[in-house]
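Structure file protein_26.cif (mmCIF, C-alpha atoms) follows.
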```cif
data_run
#
loop_
_atom_site.group_PDB
_atom_site.id
_atom_site.type_symbol
_atom_site.label_atom_id
_atom_site.label_comp_id
_atom_site.auth_asym_id
_atom_site.auth_seq_id
_atom_site.Cartn_x
_atom_site.Cartn_y
_atom_site.Cartn_z
ATOM 1 C CA GLY A 49 7.359 -40.700 55.856
ATOM 2 C CA GLN A 50 8.122 -40.951 59.510
ATOM 3 C CA GLN A 51 6.246 -38.500 61.662
ATOM 4 C CA VAL A 52 6.432 -37.442 65.261
ATOM 5 C CA MET A 53 3.080 -36.281 66.553
ATOM 6 C CA GLN A 54 2.845 -34.150 69.639
ATOM 7 C CA ILE A 55 -0.250 -33.281 71.666
ATOM 8 C CA PRO A 56 -1.734 -31.042 72.804
ATOM 9 C CA GLN A 57 -0.750 -28.129 70.587
ATOM 10 C CA TYR A 58 -1.562 -25.621 73.332
ATOM 11 C CA GLN A 59 -2.026 -25.880 77.060
ATOM 12 C CA HIS A 60 -3.091 -23.146 79.427
ATOM 13 C CA VAL A 61 -2.714 -23.856 83.131
ATOM 14 C CA GLN A 62 -3.006 -22.041 86.400
ATOM 15 C CA GLU A 63 0.273 -21.709 88.245
ATOM 16 C CA GLY A 64 0.666 -24.713 90.514
ATOM 17 C CA GLU A 65 -1.218 -27.098 88.234
ATOM 18 C CA ASP A 66 0.478 -30.013 86.533
ATOM 19 C CA PHE A 67 1.184 -30.214 82.807
ATOM 20 C CA THR A 68 1.828 -33.118 80.446
ATOM 21 C CA THR A 69 2.739 -33.242 76.773
ATOM 22 C CA TYR A 70 2.765 -36.425 74.734
ATOM 23 C CA CYS A 71 4.835 -37.461 71.763
ATOM 24 C CA ASN A 72 4.011 -40.358 69.436
ATOM 25 C CA SER A 73 5.935 -41.774 66.505
ATOM 26 C CA SER A 74 4.693 -43.857 63.609
ATOM 27 C CA THR A 75 7.831 -45.993 63.842
ATOM 28 C CA THR A 76 10.204 -47.169 66.552
ATOM 29 C CA LEU A 77 12.628 -44.505 67.619
ATOM 30 C CA SER A 78 16.299 -44.990 68.331
ATOM 31 C CA ASN A 79 16.133 -42.306 70.976
ATOM 32 C CA ILE A 80 14.120 -39.239 71.797
ATOM 33 C CA GLN A 81 15.209 -35.766 72.784
ATOM 34 C CA TRP A 82 13.238 -32.990 74.448
ATOM 35 C CA TYR A 83 13.809 -29.284 73.902
ATOM 36 C CA LYS A 84 12.317 -26.122 75.398
ATOM 37 C CA GLN A 85 11.941 -22.859 73.519
ATOM 38 C CA ARG A 86 11.122 -19.712 75.454
ATOM 39 C CA PRO A 87 9.072 -17.039 73.640
ATOM 40 C CA GLY A 88 11.340 -15.260 71.167
ATOM 41 C CA GLY A 89 14.195 -17.626 71.947
ATOM 42 C CA HIS A 90 15.818 -20.675 70.460
ATOM 43 C CA PRO A 91 15.327 -24.367 71.316
ATOM 44 C CA VAL A 92 17.402 -25.537 74.246
ATOM 45 C CA PHE A 93 18.164 -29.198 74.850
ATOM 46 C CA LEU A 94 16.594 -30.631 78.002
ATOM 47 C CA ILE A 95 17.200 -34.358 77.980
ATOM 48 C CA GLN A 96 17.665 -37.495 75.890
ATOM 49 C CA LEU A 97 16.045 -40.890 76.485
ATOM 50 C CA VAL A 98 17.531 -43.979 74.914
ATOM 51 C CA LYS A 99 16.321 -47.112 76.680
ATOM 52 C CA SER A 100 12.917 -48.743 76.447
ATOM 53 C CA GLY A 101 10.793 -47.731 79.454
ATOM 54 C CA GLU A 102 13.352 -45.179 80.603
ATOM 55 C CA VAL A 103 12.278 -42.538 83.122
ATOM 56 C CA LYS A 104 14.383 -39.486 83.935
ATOM 57 C CA LYS A 105 13.711 -36.599 86.280
ATOM 58 C CA GLN A 106 14.977 -33.031 86.351
ATOM 59 C CA LYS A 107 13.564 -31.331 89.451
ATOM 60 C CA ARG A 108 9.847 -30.896 88.648
ATOM 61 C CA LEU A 109 10.160 -32.383 85.144
ATOM 62 C CA THR A 110 9.659 -36.117 84.517
ATOM 63 C CA PHE A 111 10.432 -37.640 81.145
ATOM 64 C CA GLN A 112 9.332 -41.103 80.053
ATOM 65 C CA PHE A 113 10.123 -43.265 77.035
ATOM 66 C CA GLY A 114 7.612 -45.945 76.160
ATOM 67 C CA GLU A 115 8.318 -49.650 76.292
ATOM 68 C CA ALA A 116 7.947 -49.923 72.515
ATOM 69 C CA LYS A 117 10.076 -46.798 71.978
ATOM 70 C CA LYS A 118 7.291 -45.213 69.960
ATOM 71 C CA ASN A 119 6.029 -42.704 72.487
ATOM 72 C CA SER A 120 7.283 -40.367 75.138
ATOM 73 C CA SER A 121 5.928 -37.869 77.622
ATOM 74 C CA LEU A 122 7.050 -34.851 79.583
ATOM 75 C CA HIS A 123 5.280 -34.107 82.861
ATOM 76 C CA ILE A 124 5.779 -30.918 84.848
ATOM 77 C CA THR A 125 4.621 -30.937 88.448
ATOM 78 C CA ALA A 126 3.320 -27.712 89.993
ATOM 79 C CA THR A 127 3.998 -25.402 87.048
ATOM 80 C CA GLN A 128 5.643 -22.049 87.555
ATOM 81 C CA THR A 129 5.645 -18.970 85.327
ATOM 82 C CA THR A 130 9.229 -19.805 84.410
ATOM 83 C CA ASP A 131 7.947 -22.966 82.669
ATOM 84 C CA VAL A 132 6.270 -20.885 79.952
ATOM 85 C CA GLY A 133 7.421 -21.802 76.462
ATOM 86 C CA THR A 134 7.082 -24.406 73.763
ATOM 87 C CA TYR A 135 8.228 -27.959 74.447
ATOM 88 C CA PHE A 136 9.401 -30.055 71.514
ATOM 89 C CA CYS A 137 10.142 -33.731 71.291
ATOM 90 C CA ALA A 138 12.490 -34.946 68.580
ATOM 91 C CA GLY A 139 13.098 -38.490 67.450
ATOM 92 C CA LEU A 140 16.062 -39.886 65.587
ATOM 93 C CA LYS A 141 14.943 -40.965 62.136
ATOM 94 C CA ASN A 142 17.153 -43.971 61.599
ATOM 95 C CA TYR A 143 18.997 -46.529 63.622
ATOM 96 C CA GLY A 144 22.681 -47.300 63.641
ATOM 97 C CA GLY A 145 24.057 -43.862 64.247
ATOM 98 C CA SER A 146 22.443 -42.290 61.222
ATOM 99 C CA GLN A 147 23.260 -38.671 61.420
ATOM 100 C CA GLY A 148 21.377 -35.481 60.989
ATOM 101 C CA ASN A 149 17.787 -36.621 60.830
ATOM 102 C CA LEU A 150 16.059 -35.613 64.011
ATOM 103 C CA ILE A 151 12.342 -35.363 63.361
ATOM 104 C CA PHE A 152 10.775 -32.675 65.522
ATOM 105 C CA GLY A 153 7.212 -32.711 66.746
ATOM 106 C CA LYS A 154 5.249 -29.504 66.243
ATOM 107 C CA GLY A 155 5.540 -28.670 69.909
ATOM 108 C CA THR A 156 3.235 -27.949 72.813
ATOM 109 C CA LYS A 157 2.954 -24.307 73.769
ATOM 110 C CA LEU A 158 2.519 -23.896 77.509
ATOM 111 C CA SER A 159 1.154 -20.754 79.083
ATOM 112 C CA VAL A 160 0.945 -20.356 82.855
ATOM 113 C CA LYS A 161 -1.433 -17.952 84.536
ATOM 114 C CA PRO A 162 -0.073 -16.541 87.799
ATOM 115 C CA ASN B 204 32.315 -19.502 74.418
ATOM 116 C CA ALA B 205 29.728 -18.021 72.065
ATOM 117 C CA GLY B 206 28.283 -21.408 71.005
ATOM 118 C CA VAL B 207 26.402 -21.036 67.716
ATOM 119 C CA THR B 208 26.380 -17.575 66.164
ATOM 120 C CA GLN B 209 24.006 -16.587 63.383
ATOM 121 C CA THR B 210 24.039 -13.453 61.272
ATOM 122 C CA PRO B 211 22.060 -11.428 60.533
ATOM 123 C CA LYS B 212 19.421 -11.522 63.273
ATOM 124 C CA PHE B 213 16.790 -9.806 61.136
ATOM 125 C CA GLN B 214 16.438 -9.279 57.399
ATOM 126 C CA VAL B 215 13.780 -8.010 55.029
ATOM 127 C CA LEU B 216 14.073 -8.922 51.364
ATOM 128 C CA LYS B 217 12.087 -8.310 48.240
ATOM 129 C CA THR B 218 10.871 -11.224 46.145
ATOM 130 C CA GLY B 219 13.627 -12.376 43.818
ATOM 131 C CA GLN B 220 16.519 -11.038 45.860
ATOM 132 C CA SER B 221 19.247 -13.349 47.064
ATOM 133 C CA MET B 222 21.025 -13.542 50.367
ATOM 134 C CA THR B 223 23.201 -15.781 52.490
ATOM 135 C CA LEU B 224 22.604 -16.600 56.123
ATOM 136 C CA GLN B 225 25.781 -17.195 58.050
ATOM 137 C CA CYS B 226 26.361 -19.627 60.896
ATOM 138 C CA ALA B 227 29.477 -20.374 62.910
ATOM 139 C CA GLN B 228 30.077 -22.606 65.916
ATOM 140 C CA ASP B 229 33.028 -22.667 68.271
ATOM 141 C CA MET B 230 32.371 -26.023 69.945
ATOM 142 C CA ASN B 231 34.414 -28.063 67.448
ATOM 143 C CA HIS B 232 31.300 -30.001 66.445
ATOM 144 C CA ASN B 233 31.350 -32.187 63.374
ATOM 145 C CA SER B 234 27.699 -31.797 62.406
ATOM 146 C CA MET B 235 25.726 -28.697 61.519
ATOM 147 C CA TYR B 236 22.115 -28.107 60.501
ATOM 148 C CA TRP B 237 19.748 -25.536 59.087
ATOM 149 C CA TYR B 238 16.090 -25.497 60.168
ATOM 150 C CA ARG B 239 13.179 -23.258 59.447
ATOM 151 C CA GLN B 240 10.421 -22.627 61.971
ATOM 152 C CA ASP B 241 6.957 -21.535 60.947
ATOM 153 C CA PRO B 242 3.990 -21.015 63.279
ATOM 154 C CA GLY B 243 2.386 -24.341 64.161
ATOM 155 C CA MET B 244 4.891 -26.294 62.080
ATOM 156 C CA GLY B 245 7.663 -26.964 64.531
ATOM 157 C CA LEU B 246 11.208 -27.201 63.225
ATOM 158 C CA ARG B 247 11.806 -28.538 59.745
ATOM 159 C CA LEU B 248 15.237 -29.551 58.548
ATOM 160 C CA ILE B 249 16.398 -27.817 55.370
ATOM 161 C CA TYR B 250 19.941 -29.140 54.957
ATOM 162 C CA TYR B 251 22.539 -30.676 57.176
ATOM 163 C CA SER B 252 26.233 -31.402 57.111
ATOM 164 C CA ALA B 253 27.300 -34.506 58.967
ATOM 165 C CA SER B 254 30.950 -33.546 58.721
ATOM 166 C CA GLU B 255 33.212 -31.089 56.977
ATOM 167 C CA GLY B 256 32.999 -31.593 53.249
ATOM 168 C CA THR B 257 29.573 -33.227 53.162
ATOM 169 C CA THR B 258 26.061 -31.839 52.868
ATOM 170 C CA ASP B 259 22.693 -33.539 52.522
ATOM 171 C CA LYS B 260 19.119 -32.522 51.935
ATOM 172 C CA GLY B 261 16.637 -32.491 54.749
ATOM 173 C CA GLU B 262 12.859 -32.362 54.689
ATOM 174 C CA VAL B 263 12.408 -29.012 52.871
ATOM 175 C CA PRO B 264 15.496 -28.249 50.703
ATOM 176 C CA ASN B 265 13.804 -26.668 47.673
ATOM 177 C CA GLY B 266 14.835 -23.066 47.085
ATOM 178 C CA TYR B 267 17.937 -23.301 49.260
ATOM 179 C CA ASN B 268 21.606 -24.123 48.890
ATOM 180 C CA VAL B 269 24.249 -24.650 51.549
ATOM 181 C CA SER B 270 27.996 -24.516 51.884
ATOM 182 C CA ARG B 271 30.077 -26.120 54.609
ATOM 183 C CA LEU B 272 32.942 -23.677 54.359
ATOM 184 C CA ASN B 273 35.049 -25.355 57.045
ATOM 185 C CA LYS B 274 34.414 -27.177 60.292
ATOM 186 C CA ARG B 275 33.179 -24.010 61.991
ATOM 187 C CA GLU B 276 30.973 -22.449 59.329
ATOM 188 C CA PHE B 277 27.828 -23.531 57.527
ATOM 189 C CA SER B 278 25.968 -21.048 55.341
ATOM 190 C CA LEU B 279 22.479 -21.109 53.860
ATOM 191 C CA ARG B 280 21.749 -19.321 50.592
ATOM 192 C CA LEU B 281 18.466 -18.220 49.099
ATOM 193 C CA GLU B 282 19.106 -17.643 45.402
ATOM 194 C CA SER B 283 15.748 -16.079 44.549
ATOM 195 C CA ALA B 284 13.710 -15.346 47.644
ATOM 196 C CA ALA B 285 9.976 -16.055 47.649
ATOM 197 C CA PRO B 286 7.315 -14.965 50.173
ATOM 198 C CA SER B 287 6.883 -18.638 51.175
ATOM 199 C CA GLN B 288 10.414 -18.499 52.573
ATOM 200 C CA THR B 289 9.399 -15.960 55.200
ATOM 201 C CA SER B 290 10.329 -17.754 58.394
ATOM 202 C CA VAL B 291 12.658 -17.942 61.344
ATOM 203 C CA TYR B 292 15.833 -19.797 60.429
ATOM 204 C CA PHE B 293 17.860 -21.652 63.028
ATOM 205 C CA CYS B 294 21.310 -23.070 62.678
ATOM 206 C CA ALA B 295 22.375 -25.862 65.011
ATOM 207 C CA SER B 296 25.405 -28.001 65.631
ATOM 208 C CA SER B 297 26.123 -31.261 67.395
ATOM 209 C CA GLU B 298 28.835 -33.753 67.969
ATOM 210 C CA PHE B 299 28.558 -37.179 66.415
ATOM 211 C CA TYR B 300 30.219 -40.355 67.590
ATOM 212 C CA PRO B 301 29.683 -43.106 65.000
ATOM 213 C CA MET B 302 31.128 -45.763 67.281
ATOM 214 C CA ILE B 303 28.365 -45.237 69.834
ATOM 215 C CA GLY B 304 25.829 -46.504 67.370
ATOM 216 C CA ASP B 305 22.259 -45.398 67.778
ATOM 217 C CA ARG B 306 22.904 -42.634 70.267
ATOM 218 C CA ASP B 307 22.831 -39.146 68.903
ATOM 219 C CA GLN B 308 24.021 -36.024 70.576
ATOM 220 C CA PRO B 309 22.119 -32.892 71.640
ATOM 221 C CA GLN B 310 21.836 -30.101 69.125
ATOM 222 C CA HIS B 311 22.901 -26.598 70.099
ATOM 223 C CA PHE B 312 20.946 -23.836 68.417
ATOM 224 C CA GLY B 313 21.803 -20.291 67.462
ATOM 225 C CA ASP B 314 19.509 -17.369 68.235
ATOM 226 C CA GLY B 315 17.904 -17.490 64.806
ATOM 227 C CA THR B 316 17.466 -15.191 61.819
ATOM 228 C CA ARG B 317 14.036 -13.649 61.347
ATOM 229 C CA LEU B 318 13.584 -13.314 57.593
ATOM 230 C CA SER B 319 10.700 -11.530 55.897
ATOM 231 C CA ILE B 320 10.228 -11.586 52.152
ATOM 232 C CA LEU B 321 7.873 -9.059 50.645
#
```
Is it possible to express this structure as structure tokens?
Amino acid sequence: GQQVMQIPQYQHVQEGEDFTTYCNSSTTLSNIQWYKQRPGGHPVFLIQLVKSGEVKKQKRLTFQFGEAKKNSSLHITATQTTDVGTYFCAGLKNYGGSQGNLIFGKGTKLSVKP
Amino acid sequence: NAGVTQTPKFQVLKTGQSMTLQCAQDMNHNSMYWYRQDPGMGLRLIYYSASEGTTDKGEVPNGYNVSRLNKREFSLRLESAAPSQTSVYFCASSEFYPMIGDRDQPQHFGDGTRLSIL
């Protein structure tokens, strides 16, 4: 079945360093969503990418969607302790407005040392 | 607005007991979902309801049943709990616009139910 692979599983950085997590799908994705989950919390939607090659920025966060719509990345510049948490990508399973089948990656857990 | 509300927040069961996890959303969303989250496994879809009156199986439906009671409420039932069902359960909801085509909408999650089965 379709899978969404996410690497690395864990990342430990010093505050101020950059961080990147990568998401790869075995099949072409209709769109991709990114979520952040703080420790003990619930996933919170960050952004959605739809177009091939799309790049979106939210302050220090940069999201990219690959040209083939099979991979995506999230890059955080100059990490802060508030960035701690697990970052998930999620791809839509089917095309054409198929509902309810977001496939989540296993997440990248980011820890930031002050 | 409360968003997505889940009850209970914590529960301990014995093997073989049954229970129902409740979920309600006040955002007038059509679609609702139940996920389980286990360490290192990410979020796995158990069941979803694209709209009121419909339910469908997700990736890991065995051992669970669901009821879409009305547009607001979507419950998850464990008929005979097993230790393998120890997990954190999240309910989520989203809007869905079929005319947009391949664009889905963000999912809004509840705070989760931490369920332990002994």
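For the atom pair formed by atom CA of Phe152 of chain A and atom CA of Met222 of chain B, the distance is 26.5 Å, given to one decimal.
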Pull out every residue of chain B sitting within 10 Å of chain A, counting only C-alpha atoms, and send them as a compact mmCIF listing (two decimals) with C-alpha atoms, in the coordinates of the input.
```txt
# COMPACT_ATOMS: atom_id res chain seq x y z
CA SER B 234 27.70 -31.80 62.41
CA MET B 235 25.73 -28.70 61.52
CA TYR B 236 22.12 -28.11 60.50
CA GLN B 240 10.42 -22.63 61.97
CA ASP B 241 6.96 -21.54 60.95
CA PRO B 242 3.99 -21.02 63.28
CA GLY B 243 2.39 -24.34 64.16
CA MET B 244 4.89 -26.29 62.08
CA GLY B 245 7.66 -26.96 64.53
CA LEU B 246 11.21 -27.20 63.22
CA ARG B 247 11.81 -28.54 59.74
CA LEU B 248 15.24 -29.55 58.55
CA TYR B 250 19.94 -29.14 54.96
CA TYR B 251 22.54 -30.68 57.18
CA SER B 252 26.23 -31.40 57.11
CA ALA B 253 27.30 -34.51 58.97
CA SER B 254 30.95 -33.55 58.72
CA ASP B 259 22.69 -33.54 52.52
CA LYS B 260 19.12 -32.52 51.94
CA GLY B 261 16.64 -32.49 54.75
CA GLU B 262 12.86 -32.36 54.69
CA PHE B 293 17.86 -21.65 63.03
CA CYS B 294 21.31 -23.07 62.68
CA ALA B 295 22.38 -25.86 65.01
CA SER B 296 25.40 -28.00 65.63
CA SER B 297 26.12 -31.26 67.40
CA GLU B 298 28.84 -33.75 67.97
CA PHE B 299 28.56 -37.18 66.42
CA TYR B 300 30.22 -40.35 67.59
CA PRO B 301 29.68 -43.11 65.00
CA MET B 302 31.13 -45.76 67.28
CA ILE B 303 28.36 -45.24 69.83
CA GLY B 304 25.83 -46.50 67.37
CA ASP B 305 22.26 -45.40 67.78
CA ARG B 306 22.90 -42.63 70.27
CA ASP B 307 22.83 -39.15 68.90
CA GLN B 308 24.02 -36.02 70.58
CA PRO B 309 22.12 -32.89 71.64
CA GLN B 310 21.84 -30.10 69.12
CA HIS B 311 22.90 -26.60 70.10
CA PHE B 312 20.95 -23.84 68.42
CA GLY B 313 21.80 -20.29 67.46
CA ASP B 314 19.51 -17.37 68.24
CA GLY B 315 17.90 -17.49 64.81
```
Contacts of Gly64 of chain A within 9 Å, all atoms listed in the file, excl. fewer than 4 positions in-chain, as JSON, numbers by chain | {"A": [125, 126, 127, 128, 160, 162]}
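A straight line drawn from atom CA of Lys212 of chain B to atom CA of Asn233 of chain B is 23.9 Å long.
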Do you know which residues are at most 6 Å from segment 264-277 of chain B counting only C-alpha atoms, after dropping those on the same chain fewer than 4 positions away, and could you put them as a ChimeraX atom specification?
-> /B:226-228,249,255,260,281
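Of note, atom CA of Ile55 of chain A and atom CA of Cys71 of chain A are spaced 6.6 Å apart.
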Determine the residue membership of the PyMOL selection byres ((chain B and resi 205) around 8) for the file above and supply it as JSON, numbers by chain.
-> {"B": [204, 206, 207, 208, 228, 229]}
Just C-alpha atoms for this one: save the residues we selected as a PDB file, keeping the file's coordinate frame.
```
ATOM      1  CA  ASN B 204      32.315 -19.502  74.418  1.00  0.00           C
ATOM      2  CA  GLY B 206      28.283 -21.408  71.005  1.00  0.00           C
ATOM      3  CA  VAL B 207      26.402 -21.036  67.716  1.00  0.00           C
ATOM      4  CA  THR B 208      26.380 -17.575  66.164  1.00  0.00           C
ATOM      5  CA  GLN B 228      30.077 -22.606  65.916  1.00  0.00           C
ATOM      6  CA  ASP B 229      33.028 -22.667  68.271  1.00  0.00           C
TER       7      ASP B 229
END
```
Might you pull out every residue within 10 Å of Leu216 of chain B, with only C-alpha atoms counted and same-chain residues fewer than 6 positions away left off, and present them as a list in words?
->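 The contact residues come out as Met222, Ala284, Ala285, Pro286, Thr289, Leu318, Ser319, Ile320 and Leu321 of chain B.
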Using the selection just defined, write its residues with C-alpha atoms as a PDB file, in the frame of the given file.
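New file result_36.pdb:
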```pdb
ATOM      1  CA  MET B 222      21.025 -13.542  50.367  1.00  0.00           C
ATOM      2  CA  ALA B 284      13.710 -15.346  47.644  1.00  0.00           C
ATOM      3  CA  ALA B 285       9.976 -16.055  47.649  1.00  0.00           C
ATOM      4  CA  PRO B 286       7.315 -14.965  50.173  1.00  0.00           C
ATOM      5  CA  THR B 289       9.399 -15.960  55.200  1.00  0.00           C
ATOM      6  CA  LEU B 318      13.584 -13.314  57.593  1.00  0.00           C
ATOM      7  CA  SER B 319      10.700 -11.530  55.897  1.00  0.00           C
ATOM      8  CA  ILE B 320      10.228 -11.586  52.152  1.00  0.00           C
ATOM      9  CA  LEU B 321       7.873  -9.059  50.645  1.00  0.00           C
TER      10      LEU B 321
END
```
The PyMOL selection byres ((chain A and resi 158) around 6) applied to the shown file, residues as an MDAnalysis selection string = chainID A and resid 59:60 132:134 157 159
With all atoms listed in the file as the basis for distance, which of A:Val103, A:Tyr70, A:Leu109, A:Ala116 is at the shortest distance from Tyr58 of chain A?
-> A:Tyr70
If the PyMOL selection byres ((chain B and resi 211) around 9) is run on the structure shown, which residues does it catch, given as a VMD selection string?
-> chain B and resid 209 to 210 212 to 214 224 to 225 315 to 317
Show which residues sit within 7 Å of His123 of chain A, as an NGL selection string. Count all atoms listed in the file, and ignore same-chain residues fewer than 4 positions away.
-> :A and (67-69 or 109-111)
Could the centre and edge lengths of an axis-aligned box, enclosing all atoms of segment 232-243 of chain B in the file with 3 Å extra on each side, be given in Å to one decimal as lines of an AutoDock Vina configuration file?
```
center_x = 16.9
center_y = -26.6
center_z = 62.8
size_x = 35.0
size_y = 17.2
size_z = 13.4
```
